[in-house]
Every structure is written in structure tokens, then in C-alpha cells.
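Read through the structure below, which is laid out as C-alpha cells, and then see the notes.
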Amino acid sequence: MNLNAPPFSLFFHDGLQLAYFDEGDPSGAPILLIHGFASTAVVNWVHPGWVKTLGDAGFRVIAIDNRGHGNSDRPHDAEAYYPPLMAADAAALLSHLGIDRAHVMGYSMGARISAFLALEHPERVRSLIFGGLGIGLCDGVGDWDPIAEALLAPSLDDVTHARGRMFRAFADQTRSDRFALAACIQTSRLLVSREQVARIDQPTLIGVGTKDDIAGSPQELAALMQNATAIDIPGRDHMLAVGDRVFKRAALEFLAANEQA
């Protein structure tokens, strides 16, 4: 399995230079991948095997490094990180590539961005896959202030909060800009109301690990939506569910069904 980072390209939107890669079958149906908080396109989608899995299935696989992450510009102003702004980045990438409409898959914060993309640019979204985010999309995902504090701490040794340590270690591992992430976490958790969720009519698959204590119930979220299916990813927590075989198999079946529709 080739888990090396693919070549990245750059485009400009909203005054920022943003990075992306465009892999898989160039003539295949496009799928846009949007990664989670403190992650990158490579960490979220290449290393867990998604790019190979989707490419082997015949898809054109596009992934963006969200603003504040990876190879993209990293503003330190919290006002830059509201999800509708990041959703607009994703829509701008599709326009940059000349793609009218794509399947969209997001994990955790990426799922929240994907929901805003479907709400604000519905004509661009063919179907949706949410990973690592269930009813937390509407109800919130707990107190993340300690995570911001952990990101700003002098070192991991100074962090005692369990979830804060997890995200600080992840940020250090991915060599992230901790100040950009601390700004991002302040505004990127904007909630989607139940009324907004009920407006999303694209076919949607929602997958959450059964040991995920962040995402909230996928079944509760699916029940609010017009055309959504929920799956449990057995025995996986928030960090490990992303590359799970059960999730991949369900995603491929879902995409295949919506290619034929």
C-alpha cells in the first residue's frame, strides 16, 4: 500500500494560499475529502489508506489542507475559522478544478465543514459521508477549552487534562502550528441547528466509533435528516475509527449505490 504523501498543489481563496492534492482516476467521479481538527490531508486520508481505497475503486480523490493546517496558510485570528469560511474554501477548490459537483467526505471537524458546504453550496454536493461526528454536530462535542490551553502550553509535560494531552501530542506529532490550532478551536465548533440539518437532502452516511466519546450518536443525527444512514464502527474511538475496515466497506457500498442512482 502506497502511503507516501502525494504531490500538493496550491490555490488562493479569501486571501489565503491553500494546499490540496488531486489523485486517483482523473476521469472518475470526484470525491472531496475534508480532514479533521489538528490533522492534515495526508494524516487523515493517505496514512489510513483512504486515498488508495477510493482510487482503486475508480474515484478521482481530492483532499484539501484546511486553513490553519498542513501546507495551507495558518492565520492566528480566530475569526478566520468559522466553518462556513472553510466550507467556502472547499467550494472554491471545486471551482478551481472545474468540478461542478462532487461526493464529499469529512471527518470530525471536516464533517462539520461538509455539513456547512451542503447547506450553503448544495448544488456542489452529490452525497455526504460524515465520519467521527454524530449528534455532536447539533449539540456540541463537549468542553474544548482545555484543548486550547493544552495547545498553548509550553510543552506536553505541562498538560494534565487527558483529552488536552491527546490533541497536544497529535499536534506535536503532525508538527502543526499550535497557535493557529488554538485560534481554530475557538470558532470552528459552530453548531448546526436541527432545523438546518433537516434541510440537508443529499444522501448521507454517518459513521462513528462505538468507543468515540466526542462525536455523539450517529443514529440521532441520521433521524433528523432527510436521507441519512448511520453505522457503528465497532470498538473504535475517535482517533482510530477513521481508517477502520468497517467504515471503508460501508463508504464504498454507499458511494457505489449513489453512483448508480
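Labels used: A, B, ... for chains in the order of the C-alpha cells, numbers from 1 for residues in each chain, and numbers from 1 for ligands as shown.
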
Name the residues of segment 153-207 of chain A that come out as strand (DSSP E) in a backbone DSSP run; write them as a list in words.
Thr204, Leu205, Ile206 and Gly207 of chain A

So that each row is one residue of segment 159-229 of chain A with an atom at most 10 Å from segment 111-133 of chain A, can you give its shortest atom pair and the distance in Å to one decimal, using only C-alpha atoms, rows by chain and rising number, as CSV?
residue,atom,partner,partner_atom,distance
A:Ser188,CA,A:Arg112,CA,8.5
A:Arg189,CA,A:Arg112,CA,8.0
A:Leu190,CA,A:Arg112,CA,8.4
A:Leu191,CA,A:Arg112,CA,8.3
A:Val192,CA,A:Phe116,CA,8.0
A:Gln196,CA,A:Leu119,CA,7.4
A:Val197,CA,A:Ala115,CA,7.9
A:Arg199,CA,A:Leu119,CA,7.5
A:Ile200,CA,A:Leu119,CA,6.5
A:Asp201,CA,A:Ala118,CA,8.7
A:Gln202,CA,A:Ser127,CA,5.2
A:Pro203,CA,A:Ser127,CA,5.1
A:Thr204,CA,A:Leu128,CA,4.6
A:Leu205,CA,A:Ile129,CA,4.7
A:Ile206,CA,A:Phe130,CA,4.7
A:Gly207,CA,A:Gly131,CA,4.9
A:Val208,CA,A:Gly132,CA,4.9
A:Gly209,CA,A:Gly132,CA,7.0
A:Asp212,CA,A:Gly132,CA,7.6
A:Asp213,CA,A:Gly132,CA,9.8
A:Ile214,CA,A:Leu133,CA,7.7
A:Ala215,CA,A:Leu133,CA,4.2
A:Gly216,CA,A:Leu133,CA,6.5
A:Ser217,CA,A:Leu133,CA,7.9
A:Pro218,CA,A:Leu133,CA,7.0
A:Leu221,CA,A:Leu133,CA,8.9
A:Asn227,CA,A:Ser127,CA,9.9
A:Ala228,CA,A:Leu128,CA,9.0
A:Thr229,CA,A:Ile129,CA,9.7

Using only C-alpha atoms for the distances, tell me which of A:Leu3, A:Ala250, A:Val61, A:Ala169 is nearest to Asp232 of chain A.
A:Ala250

Please provide as a PyMOL selection string all residues within 9 Å of Pro26 of chain A, with the sequence filter that same-chain residues fewer than 4 positions apart are discarded (counting only C-alpha atoms).
chain A and resi 22+30+58-61

Could you write those residues out with N, CA and C atoms, as a compact mmCIF listing (two decimals), in the first residue's frame?
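The file below, again_22.txt, is the result:
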# COMPACT_ATOMS: atom_id res chain seq x y z
N ASP A 22 -4.71 16.03 -5.79
CA ASP A 22 -5.71 15.54 -6.74
C ASP A 22 -5.17 14.22 -7.29
N PRO A 30 -15.58 12.52 -8.92
CA PRO A 30 -14.77 13.19 -7.90
C PRO A 30 -15.34 13.03 -6.50
N GLY A 58 -11.95 3.58 -8.38
CA GLY A 58 -12.21 4.33 -9.60
C GLY A 58 -12.55 5.79 -9.41
N PHE A 59 -12.36 6.30 -8.19
CA PHE A 59 -12.73 7.69 -7.92
C PHE A 59 -11.54 8.63 -8.17
N ARG A 60 -11.86 9.85 -8.52
CA ARG A 60 -10.89 10.95 -8.50
C ARG A 60 -10.89 11.49 -7.09
N VAL A 61 -9.76 11.43 -6.41
CA VAL A 61 -9.69 11.69 -4.98
C VAL A 61 -8.98 13.02 -4.74

Do you know which residues are at most 8 Å from Ile62 of chain A counting only C-alpha atoms, after dropping those on the same chain fewer than 3 positions away, and could you put them as a ChimeraX atom specification?
/A:20-23,30-33

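Within segment 4-64 of chain A, DSSP run on the backbone puts these residues in helix (DSSP H, G or I): A:Ala41, A:Val42, A:Val43, A:Asn44, A:Trp45, A:Val46, A:Trp50, A:Val51, A:Lys52, A:Thr53, A:Leu54, A:Gly55, A:Asp56.
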
Write the residues of the preceding selection, restricted to C-alpha atoms, as a PDB file, in the first residue's frame.
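Result file result.pdb:
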ATOM      1  CA  ALA A  41      -4.960  15.681   4.265  1.00  0.00           C
ATOM      2  CA  VAL A  42      -2.042  13.256   4.466  1.00  0.00           C
ATOM      3  CA  VAL A  43      -2.585  12.185   8.070  1.00  0.00           C
ATOM      4  CA  ASN A  44      -6.369  11.830   7.744  1.00  0.00           C
ATOM      5  CA  TRP A  45      -6.654  10.327   4.274  1.00  0.00           C
ATOM      6  CA  VAL A  46      -3.333   8.974   2.971  1.00  0.00           C
ATOM      7  CA  TRP A  50      -8.427   6.140   2.082  1.00  0.00           C
ATOM      8  CA  VAL A  51      -6.732   7.604  -0.990  1.00  0.00           C
ATOM      9  CA  LYS A  52      -5.683   4.156  -2.198  1.00  0.00           C
ATOM     10  CA  THR A  53      -9.055   2.602  -1.303  1.00  0.00           C
ATOM     11  CA  LEU A  54     -11.036   5.255  -3.166  1.00  0.00           C
ATOM     12  CA  GLY A  55      -8.581   5.456  -6.052  1.00  0.00           C
ATOM     13  CA  ASP A  56      -8.687   1.689  -6.533  1.00  0.00           C
TER      14      ASP A  56
END
